[in-house]
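*Asks:* Next comes the structure file input_29.cif, holding mmCIF, C-alpha atoms.
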```
data_coords
loop_
_atom_site.label_atom_id
_atom_site.label_comp_id
_atom_site.auth_asym_id
_atom_site.auth_seq_id
_atom_site.Cartn_x
_atom_site.Cartn_y
_atom_site.Cartn_z
CA LYS A 25 0.00 0.00 0.00
CA LEU A 26 2.81 2.39 0.89
CA ILE A 27 4.68 1.79 -2.38
CA TYR A 28 1.44 2.22 -4.33
CA ARG A 29 0.69 5.54 -2.63
CA ILE A 30 4.19 6.91 -3.14
CA LEU A 31 4.97 5.60 -6.60
CA LEU A 32 2.25 4.02 -8.64
CA SER A 33 -0.36 6.63 -7.85
CA ARG A 34 1.76 9.19 -9.71
CA THR A 35 2.04 8.73 -13.42
CA ALA A 36 5.34 10.61 -13.80
CA ILE A 37 7.09 8.43 -11.23
CA LEU A 38 5.64 5.32 -12.83
CA TYR A 39 7.15 6.28 -16.18
CA ALA A 40 10.45 7.08 -14.45
CA LEU A 41 10.39 3.64 -12.85
CA LEU A 42 9.66 1.96 -16.16
CA ASP A 43 12.45 3.93 -17.82
CA GLN A 44 15.00 2.92 -15.22
CA ALA A 45 13.68 -0.64 -15.24
CA PHE A 46 14.42 -0.91 -18.96
CA ILE A 47 17.88 0.64 -18.51
CA SER A 48 18.64 -1.73 -15.64
CA ALA A 49 17.39 -4.59 -17.80
CA VAL A 50 19.89 -3.54 -20.47
CA ASN A 51 22.74 -3.52 -17.96
CA PHE A 52 21.63 -6.78 -16.39
CA LEU A 53 20.98 -8.72 -19.59
CA VAL A 54 24.23 -7.57 -21.20
CA ILE A 55 26.19 -9.18 -18.36
CA TYR A 56 23.91 -12.20 -18.03
CA LEU A 57 23.69 -13.07 -21.72
CA LEU A 58 27.37 -12.48 -22.41
CA SER A 59 28.26 -14.75 -19.49
CA LYS A 60 26.34 -17.45 -21.39
CA TRP A 61 27.13 -16.56 -25.01
CA ALA A 62 30.69 -15.22 -25.02
CA GLY A 63 33.87 -17.12 -24.30
CA GLN A 64 35.23 -16.84 -20.77
CA GLN A 65 38.23 -14.73 -21.77
CA VAL A 66 36.08 -12.43 -23.94
CA PHE A 67 33.60 -11.99 -21.10
CA PHE A 68 36.41 -11.28 -18.62
CA LEU A 69 37.84 -8.56 -20.90
CA PHE A 70 34.41 -7.03 -21.40
CA VAL A 71 33.87 -6.84 -17.63
CA ILE A 72 37.11 -4.88 -17.31
CA PHE A 73 36.40 -2.59 -20.27
CA GLN A 74 32.82 -2.01 -19.10
CA SER A 75 34.18 -1.01 -15.70
CA ALA A 76 36.34 1.59 -17.41
CA GLY A 77 33.27 2.72 -19.34
CA LEU A 78 31.41 3.20 -16.07
CA LEU A 79 34.19 5.50 -14.87
CA LEU A 80 33.79 7.60 -18.01
CA ILE A 81 30.03 7.70 -17.50
CA THR A 82 30.54 9.01 -13.97
CA LEU A 83 32.50 11.92 -15.45
CA SER A 84 29.73 12.53 -17.95
CA GLN A 85 27.16 12.44 -15.17
CA SER A 86 29.20 14.87 -13.08
CA PHE A 87 29.83 17.53 -15.72
CA ALA A 88 26.89 17.07 -18.10
CA ALA A 89 23.89 14.94 -17.09
CA GLN A 90 23.44 15.80 -13.39
CA PRO A 91 24.02 19.57 -13.77
CA LEU A 92 21.49 19.60 -16.61
CA LEU A 93 18.67 18.65 -14.24
CA THR A 94 19.41 21.68 -12.08
CA LEU A 95 20.81 24.31 -14.49
CA ARG A 96 18.49 23.91 -17.46
CA GLN A 97 15.35 25.53 -16.01
CA PRO A 98 16.40 29.21 -16.55
CA TYR A 99 17.14 28.48 -20.22
CA ARG A 100 13.79 26.77 -20.57
CA ASP A 101 12.02 29.79 -19.09
CA LYS A 102 13.61 31.95 -21.80
CA GLY A 103 12.94 29.51 -24.65
CA ALA A 104 16.65 28.78 -25.16
CA GLU A 105 16.66 25.21 -23.87
CA ARG A 106 17.51 23.70 -27.28
CA PHE A 107 20.65 25.82 -27.60
CA TYR A 108 21.58 24.81 -24.07
CA ASP A 109 20.99 21.11 -24.84
CA CYS A 110 23.28 21.23 -27.86
CA SER A 111 26.02 22.94 -25.85
CA VAL A 112 25.83 20.23 -23.21
CA LEU A 113 25.91 17.44 -25.81
CA ILE A 114 29.00 18.91 -27.49
CA PHE A 115 30.76 19.49 -24.17
CA ASN A 116 29.89 15.95 -23.07
CA GLY A 117 31.21 14.49 -26.32
CA ALA A 118 34.55 16.30 -26.06
CA LEU A 119 34.97 15.21 -22.44
CA ILE A 120 34.24 11.55 -23.12
CA LEU A 121 36.36 11.43 -26.28
CA ALA A 122 39.47 12.53 -24.39
CA GLY A 123 38.79 10.27 -21.42
CA ALA A 124 37.98 7.20 -23.51
CA LEU A 125 41.15 7.53 -25.59
CA LEU A 126 43.24 7.62 -22.44
CA ALA A 127 41.37 4.77 -20.74
CA GLY A 128 41.42 2.61 -23.86
CA SER A 129 45.17 3.08 -24.29
CA LEU A 130 45.88 2.12 -20.69
CA LEU A 131 43.66 -0.97 -20.86
CA SER A 132 45.13 -2.06 -24.18
CA PHE A 133 48.62 -1.83 -22.72
CA SER A 134 47.64 -3.64 -19.49
CA TYR A 135 45.62 -6.51 -20.98
CA GLY A 136 47.25 -6.86 -24.40
CA THR A 137 44.22 -5.98 -26.51
CA SER A 138 44.33 -4.54 -30.03
CA PHE A 139 44.17 -0.92 -31.13
CA VAL A 140 40.72 -1.69 -32.51
CA ALA A 141 39.62 -2.30 -28.92
CA ILE A 142 40.64 1.27 -28.06
CA GLY A 143 38.47 2.69 -30.83
CA SER A 144 35.63 0.37 -29.85
CA LEU A 145 35.75 1.61 -26.25
CA VAL A 146 35.70 5.22 -27.46
CA PHE A 147 32.62 4.56 -29.61
CA TYR A 148 30.89 2.60 -26.83
CA ALA A 149 31.54 5.27 -24.18
CA LEU A 150 30.47 8.14 -26.47
CA GLY A 151 27.23 6.39 -27.34
CA TRP A 152 26.46 5.50 -23.73
CA ALA A 153 27.23 9.01 -22.40
CA THR A 154 25.22 10.69 -25.16
CA TYR A 155 22.22 8.53 -24.42
CA GLU A 156 22.37 9.37 -20.70
CA VAL A 157 22.43 13.11 -21.41
CA VAL A 158 19.46 12.77 -23.76
CA ARG A 159 17.57 10.91 -21.02
CA ARG A 160 18.11 13.83 -18.63
CA ILE A 161 16.82 16.23 -21.27
CA GLN A 162 13.54 14.34 -21.31
CA TYR A 163 13.28 14.47 -17.52
CA ALA A 164 14.05 18.18 -17.48
CA ASP A 165 11.25 18.62 -20.04
CA GLU A 166 8.97 16.55 -17.78
CA ARG A 167 8.56 13.85 -20.43
CA PRO A 168 9.65 10.64 -18.70
CA GLN A 169 7.27 8.68 -20.93
CA VAL A 170 9.45 9.52 -23.96
CA SER A 171 12.53 8.28 -22.16
CA ALA A 172 10.70 5.10 -21.09
CA VAL A 173 9.77 4.25 -24.69
CA ALA A 174 13.31 4.99 -25.88
CA SER A 175 14.81 2.78 -23.16
CA LEU A 176 12.52 -0.08 -24.15
CA ALA A 177 13.64 0.32 -27.77
CA LEU A 178 17.28 0.38 -26.60
CA LEU A 179 16.75 -2.85 -24.65
CA CYS A 180 15.36 -4.68 -27.68
CA PHE A 181 17.92 -3.28 -30.13
CA ALA A 182 20.94 -3.97 -27.90
CA ILE A 183 19.94 -7.59 -27.23
CA VAL A 184 19.41 -8.30 -30.94
CA LEU A 185 22.82 -6.84 -31.83
CA LEU A 186 24.56 -8.76 -29.05
CA TYR A 187 22.94 -12.00 -30.20
CA LEU A 188 24.33 -11.41 -33.66
CA TYR A 189 27.77 -10.05 -32.63
CA HIS A 190 29.39 -11.35 -29.44
CA SER A 191 32.41 -13.37 -30.57
CA SER A 192 35.00 -10.73 -29.63
CA LEU A 193 35.45 -7.78 -27.29
CA GLU A 194 35.44 -5.36 -30.22
CA GLU A 195 32.16 -6.74 -31.60
CA ILE A 196 30.45 -6.40 -28.24
CA LEU A 197 31.59 -2.82 -27.63
CA LEU A 198 30.68 -1.69 -31.14
CA SER A 199 27.26 -3.38 -30.98
CA LEU A 200 26.39 -1.62 -27.74
CA GLY A 201 27.75 1.68 -29.03
CA VAL A 202 25.57 1.45 -32.14
CA ALA A 203 22.49 0.74 -30.01
CA TYR A 204 23.11 3.70 -27.69
CA PHE A 205 23.90 6.14 -30.50
CA PHE A 206 20.99 5.16 -32.72
CA ILE A 207 18.34 5.41 -29.99
CA ALA A 208 19.84 8.67 -28.67
CA LEU A 209 19.70 10.27 -32.11
CA VAL A 210 16.10 9.17 -32.61
CA GLU A 211 15.12 10.34 -29.12
CA VAL A 212 16.79 13.73 -29.22
CA GLY A 213 15.11 14.54 -32.52
CA VAL A 214 16.09 16.38 -35.66
CA TRP A 215 15.40 19.75 -34.03
CA THR A 216 18.41 19.39 -31.71
CA ILE A 217 20.74 18.12 -34.41
CA GLY A 218 19.83 21.07 -36.63
CA VAL A 219 20.33 23.78 -34.02
CA PRO A 220 24.16 23.95 -34.14
CA TRP A 221 24.10 24.76 -37.83
CA ARG A 222 22.07 27.90 -37.52
CA PRO A 223 24.49 30.70 -38.47
CA ARG A 224 23.54 33.07 -35.70
CA ILE A 225 24.69 30.73 -32.93
CA ALA A 226 27.17 28.39 -34.61
CA LYS A 227 30.19 30.47 -33.52
CA SER A 228 29.39 30.47 -29.83
CA LEU A 229 27.31 27.37 -29.24
CA ALA A 230 29.43 26.04 -26.41
CA PHE A 231 29.37 29.46 -24.77
CA VAL A 232 25.64 30.14 -24.66
CA THR A 233 24.93 32.21 -21.57
CA ARG A 234 22.02 32.30 -19.19
CA GLY A 235 21.89 36.08 -19.12
CA ASP A 236 24.44 36.60 -16.36
CA GLY A 237 27.42 36.36 -18.71
CA LYS A 238 28.40 32.93 -17.43
CA PRO A 239 28.77 30.37 -20.26
CA VAL A 240 27.28 26.89 -20.15
CA VAL A 241 30.66 25.19 -19.97
CA ALA A 242 31.69 27.35 -16.99
CA GLN A 243 28.41 26.66 -15.20
CA HIS A 244 28.78 22.92 -15.67
CA TRP A 245 32.42 22.99 -14.69
CA HIS A 246 31.59 24.89 -11.51
CA TYR A 247 28.83 22.39 -10.69
CA GLY A 248 30.92 19.33 -11.49
CA LYS A 249 34.24 20.33 -9.93
CA TRP A 250 33.15 18.74 -6.65
CA VAL A 251 30.81 16.14 -8.13
CA ALA A 252 33.49 14.63 -10.38
CA PRO A 253 35.95 13.68 -7.61
CA GLY A 254 33.03 12.25 -5.68
CA SER A 255 31.76 10.31 -8.70
CA ALA A 256 35.23 8.98 -9.45
CA SER A 257 35.52 7.92 -5.82
CA PHE A 258 32.12 6.23 -6.09
CA TRP A 259 33.50 4.25 -9.02
CA VAL A 260 36.29 3.12 -6.71
CA THR A 261 33.76 1.86 -4.15
CA THR A 262 31.84 -0.14 -6.78
CA GLN A 263 34.41 -1.16 -9.39
CA ALA A 264 37.97 -0.91 -8.07
CA TYR A 265 37.62 -4.24 -6.27
CA LEU A 266 37.23 -5.93 -9.67
CA PHE A 267 40.55 -4.52 -10.89
CA LEU A 268 42.32 -5.38 -7.66
CA ALA A 269 40.79 -8.85 -7.71
CA THR A 270 42.42 -9.64 -11.07
CA GLY A 271 45.73 -9.76 -9.22
CA TYR A 272 44.47 -12.18 -6.55
CA LEU A 273 41.58 -14.20 -7.95
CA THR A 274 41.00 -16.39 -10.99
CA VAL A 275 39.18 -15.24 -14.13
CA SER A 276 36.08 -17.23 -13.12
CA ASP A 277 36.07 -15.67 -9.62
CA VAL A 278 36.24 -12.15 -11.04
CA SER A 279 33.44 -12.97 -13.46
CA GLY A 280 31.36 -14.38 -10.60
CA LEU A 281 31.95 -11.24 -8.57
CA ARG A 282 30.67 -9.09 -11.43
CA THR A 283 27.63 -11.26 -12.14
CA SER A 284 26.57 -11.21 -8.47
CA GLN A 285 26.84 -7.42 -8.37
CA ASN A 286 24.83 -7.30 -11.58
CA ILE A 287 21.95 -9.22 -9.96
CA ALA A 288 21.89 -7.02 -6.84
CA SER A 289 21.97 -3.81 -8.86
CA VAL A 290 18.33 -4.36 -9.82
CA LEU A 291 17.54 -1.95 -6.97
CA THR A 292 19.06 0.89 -8.99
CA ILE A 293 15.78 0.84 -10.93
CA LEU A 294 14.12 2.49 -7.96
CA LEU A 295 17.15 4.46 -6.83
CA VAL A 296 17.85 6.26 -10.12
CA ALA A 297 14.17 6.69 -10.96
CA VAL A 298 13.51 8.51 -7.68
CA GLU A 299 16.62 10.65 -8.16
CA ASN A 300 15.68 11.60 -11.73
CA TYR A 301 12.19 12.46 -10.56
CA LEU A 302 12.98 14.41 -7.37
CA THR A 303 16.05 16.46 -8.36
CA PRO A 304 14.45 18.62 -11.09
CA ARG A 305 11.30 19.01 -8.99
CA TYR A 306 13.26 20.20 -5.99
CA ALA A 307 15.04 22.65 -8.29
CA GLY A 308 11.63 23.81 -9.55
CA ILE A 309 10.39 24.31 -5.98
CA ILE A 310 13.40 26.49 -5.22
CA ASP A 311 12.91 28.48 -8.42
CA LYS A 312 9.17 29.07 -7.94
CA GLU A 313 8.54 28.96 -4.18
CA GLY A 314 11.93 29.72 -2.68
CA VAL A 315 14.44 27.55 -0.89
CA PHE A 316 12.59 27.84 2.44
CA ARG A 317 9.82 25.57 1.08
CA LEU A 318 12.21 22.77 0.22
CA GLN A 319 12.54 21.34 3.72
CA ASP A 320 8.87 20.34 3.96
CA HIS A 321 9.09 18.33 0.76
CA VAL A 322 12.40 16.69 1.67
CA LYS A 323 11.17 15.67 5.12
CA ARG A 324 8.02 14.06 3.72
CA HIS A 325 9.79 12.26 0.88
CA GLN A 326 12.66 11.05 3.05
CA HIS A 327 10.17 9.53 5.52
CA HIS A 328 8.53 7.56 2.70
CA ILE A 329 11.89 6.51 1.28
CA VAL A 330 13.14 5.11 4.59
CA LEU A 331 9.94 3.11 5.13
CA THR A 332 10.15 1.80 1.59
CA SER A 333 13.81 0.83 2.14
CA LEU A 334 12.90 -1.22 5.20
CA SER A 335 10.12 -3.01 3.33
CA ILE A 336 12.35 -3.77 0.35
CA SER A 337 15.21 -5.04 2.52
CA ILE A 338 12.97 -7.54 4.30
CA ALA A 339 11.30 -8.86 1.16
CA GLY A 340 14.11 -8.34 -1.33
CA ALA A 341 17.09 -10.14 0.22
CA PRO A 342 15.66 -13.67 -0.02
CA MET A 343 14.31 -12.89 -3.48
CA ILE A 344 17.76 -11.83 -4.66
CA PHE A 345 19.27 -15.06 -3.31
CA ILE A 346 16.64 -17.16 -5.10
CA ALA A 347 16.99 -15.17 -8.33
CA SER A 348 20.76 -15.65 -8.29
CA TRP A 349 20.35 -19.38 -7.72
CA ILE A 350 17.90 -19.64 -10.65
CA LEU A 351 20.01 -17.56 -13.05
CA TYR A 352 23.41 -19.03 -12.16
CA PRO A 353 22.93 -22.54 -10.76
CA GLU A 354 26.34 -23.54 -12.11
CA LEU A 355 28.25 -20.92 -10.10
CA GLY A 356 27.59 -22.28 -6.62
CA THR A 357 26.32 -20.86 -3.33
CA THR A 358 29.08 -18.28 -2.96
CA VAL A 359 27.82 -16.17 -5.85
CA HIS A 360 24.27 -16.20 -4.42
CA VAL A 361 25.59 -14.97 -1.06
CA LEU A 362 27.60 -12.28 -2.85
CA ALA A 363 24.47 -11.04 -4.63
CA THR A 364 22.53 -10.83 -1.35
CA LEU A 365 25.30 -8.86 0.36
CA PHE A 366 25.61 -6.46 -2.57
CA PHE A 367 21.85 -5.93 -2.32
CA ALA A 368 22.27 -4.69 1.27
CA GLY A 369 24.69 -2.05 0.02
CA TYR A 370 22.24 -0.82 -2.62
CA ILE A 371 19.49 -0.59 0.01
CA LEU A 372 21.70 1.79 2.00
CA GLN A 373 22.31 3.87 -1.12
CA PHE A 374 18.58 4.23 -1.70
CA ALA A 375 17.75 5.11 1.91
CA ASN A 376 19.19 8.65 1.77
CA ARG A 377 18.03 9.70 -1.72
CA GLY A 378 15.94 12.57 -0.30
CA TYR A 379 19.03 14.24 1.16
CA VAL A 380 21.06 13.54 -1.98
CA CYS A 381 18.44 15.07 -4.29
CA ALA A 382 17.98 18.10 -2.04
CA LEU A 383 21.69 18.92 -1.99
CA ARG A 384 21.99 18.52 -5.75
CA SER A 385 18.95 20.69 -6.42
CA MET A 386 20.64 23.50 -4.47
CA SER A 387 23.92 22.93 -6.37
CA ILE A 388 25.63 21.96 -3.11
CA THR A 389 28.16 19.43 -4.35
CA LYS A 390 31.17 19.58 -2.04
CA PRO A 391 29.69 17.11 0.51
CA PHE A 392 29.47 14.47 -2.21
CA ALA A 393 33.17 14.76 -2.93
CA ILE A 394 34.02 14.49 0.76
CA ALA A 395 31.67 11.55 1.35
CA GLN A 396 32.76 9.60 -1.70
CA VAL A 397 36.48 10.20 -1.17
CA LEU A 398 36.16 8.90 2.40
CA ALA A 399 34.19 5.90 1.10
CA ALA A 400 36.84 5.26 -1.57
CA VAL A 401 39.65 5.43 1.00
CA ALA A 402 37.77 2.92 3.12
CA THR A 403 37.30 0.68 0.07
CA LEU A 404 40.97 0.66 -0.91
CA ALA A 405 42.20 0.23 2.65
CA LEU A 406 39.82 -2.63 3.36
CA ALA A 407 40.23 -4.26 -0.06
CA PHE A 408 43.90 -5.03 0.47
CA LEU A 409 42.94 -6.75 3.72
CA ALA A 410 39.79 -8.43 2.42
CA LEU A 411 41.22 -9.93 -0.78
CA PRO A 412 43.84 -12.20 0.86
CA PHE A 413 41.49 -13.32 3.66
CA PHE A 414 37.98 -13.32 2.16
CA GLY A 415 38.57 -13.45 -1.58
CA ALA A 416 35.50 -12.68 -3.67
CA ILE A 417 33.15 -12.40 -0.69
CA GLY A 418 35.16 -9.42 0.55
CA GLY A 419 33.82 -7.39 -2.40
CA PRO A 420 30.26 -6.86 -1.11
CA LEU A 421 31.45 -6.57 2.50
CA VAL A 422 33.76 -3.70 1.57
CA PHE A 423 30.99 -2.17 -0.57
CA VAL A 424 28.53 -2.17 2.36
CA ILE A 425 31.05 -0.52 4.69
CA ALA A 426 31.95 2.13 2.10
CA THR A 427 28.25 2.85 1.52
CA LEU A 428 27.73 3.32 5.26
CA VAL A 429 30.52 5.92 5.25
CA PHE A 430 28.86 7.80 2.38
CA PHE A 431 25.41 7.56 3.97
CA GLY A 432 26.64 8.95 7.29
CA VAL A 433 28.49 11.93 5.82
CA ILE A 434 25.62 13.04 3.53
CA ARG A 435 22.98 12.68 6.22
CA GLN A 436 24.99 14.56 8.83
CA TYR A 437 25.83 17.38 6.43
CA TYR A 438 22.21 17.93 5.47
CA LEU A 439 20.83 17.69 9.02
CA LYS A 440 23.49 19.90 10.63
CA ASN A 441 24.35 22.38 7.87
CA VAL A 442 21.43 22.66 5.44
CA ARG A 443 18.20 21.93 7.28
CA PRO A 444 18.70 24.49 10.08
CA GLY A 445 19.26 27.19 7.46
CA LEU A 446 16.11 26.24 5.58
CA GLU A 447 13.98 26.18 8.72
CA ALA A 448 15.30 29.59 9.77
CA ARG A 449 14.22 31.28 6.53
#
```
Once more with this new file: its structure as structure tokens, please.

*Replies:*
Amino acid sequence: KLIYRILLSRTAILYALLDQAFISAVNFLVIYLLSKWAGQQVFFLFVIFQSAGLLLITLSQSFAAQPLLTLRQPYRDKGAERFYDCSVLIFNGALILAGALLAGSLLSFSYGTSFVAIGSLVFYALGWATYEVVRRIQYADERPQVSAVASLALLCFAIVLLYLYHSSLEEILLSLGVAYFFIALVEVGVWTIGVPWRPRIAKSLAFVTRGDGKPVVAQHWHYGKWVAPGSASFWVTTQAYLFLATGYLTVSDVSGLRTSQNIASVLTILLVAVENYLTPRYAGIIDKEGVFRLQDHVKRHQHHIVLTSLSISIAGAPMIFIASWILYPELGTTVHVLATLFFAGYILQFANRGYVCALRSMSITKPFAIAQVLAAVATLALAFLALPFFGAIGGPLVFVIATLVFFGVIRQYYLKNVRPGLEAR
């Protein structure tokens, strides 16, 4: 009843949930199907390259996608949102291109892959990052239903391409890149593609201003300068264990660690959907009603989120164990336990989404950097102890502890530094 009242009774949140469900299905099925279809060495290499792709996506989220949800509203009020969107897409593309070239070169040197693999990673990362920015544009325009349909199309297209092309790392990366790029181009529409070529703005597209003389790139850089270190640190808490594990564990153990995390990450459907829904609405409340009204909304939403987290943790843990056993009966009990423990970490991530969305809507980003850096330090320190003694099972244990560190810092910052100021206004 509680989940129905909070989520399903509101059409916009329902579409956001469906959208994230389809995206999570893409991420889940890519790992699951490749673990069955691809050779073990090909799958192992893809896990590593996908991890690097996730790091690049965190940079894109920090400097392009997340700021868009907060910074786009003034442009929309003035009818200049399409110019703004194009600026963000170009900025995002330049950022990912540079990062992917560097990451691909390092991975090719470390794991002995071909130069084609570097180009494939670049194409894959660019397509993925572009699609994520386009998704945020739909949310900022309050059209989650468009994003939901596009994500369903992406799911179908990506699975078909992977079925046809999965014999090598390069084939897999290129197939996924094609799927992301094609759906993003269809979703964003011809109107956005045509905007950069209009003569009156072509010379200064990446420097469109909001009216205060501050260009888009500068605004996004200012927003992301604290988010990016935090996002990179978050990648450490979720992915670094895989890289470290390659030096201690077998190829099959590393693959099992990734597949178990993939099963547990189903909760990100709810986590990301709520974040995509609440952040632009909190920003809208601040813009229209003033920041003093934000606290009432955050308090009410956070109460519902915590109750929902408790309900999901009780019902979800055994379901995750059973699902893991059904999907991977050949991998043994250890992988099923890993999936259940990872699920506990994702529950903790979801439980403080109200505070997270509130801070982001106010463009307060420094606490995220502090919280994630501390969580990353905890991850690295504990990983070197956990790997020799616990092996693969140390992965989710370290993840849970790191998530607790992040949870505590964000909650304390909001309650002690932000909420008193809001209540005093």

*Asks:* Applying 8 Å and only C-alpha atoms, which residues near Val112 of chain A remain after dropping the ones on its own chain fewer than 2 positions away? List them as a ChimeraX atom specification.

*Replies:* /A:88,92,108-110,114-116,230,240-241

*Asks:* Which residues, named as in the file, does the PyMOL selection byres ((chain A and resi 198-206) around 9) pick out? Answer as a PyMOL selection string.

*Replies:* chain A and resi 143-155+178-179+181-183+185-186+188-190+193-197+207-211

*Asks:* Convert the output of the PyMOL selection byres ((chain A and resi 326-328) around 9) on the shown file into explicit residues, formatted as a ChimeraX atom specification.

*Replies:* /A:26-27,30,321-325,329-333,375-379

*Asks:* Which residue out of A:Thr261, A:Thr357, A:Asn286, A:Ser175 has the minimum interatomic distance to Val54 of chain A when all atoms listed in the file are used?

*Replies:* A:Asn286

*Asks:* Written as a PyMOL selection string, what is the full residue list that the PyMOL selection byres ((chain A and resi 73) around 9) yields on the file shown?

*Replies:* chain A and resi 68-72+74-78+127-128+131+145+193+197

*Asks:* By how many Å are atom CA of Thr262 of chain A and atom CA of Leu176 of chain A apart?

*Replies:*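 Between atom CA of Thr262 of chain A and atom CA of Leu176 of chain A the gap is 26.0 Å.
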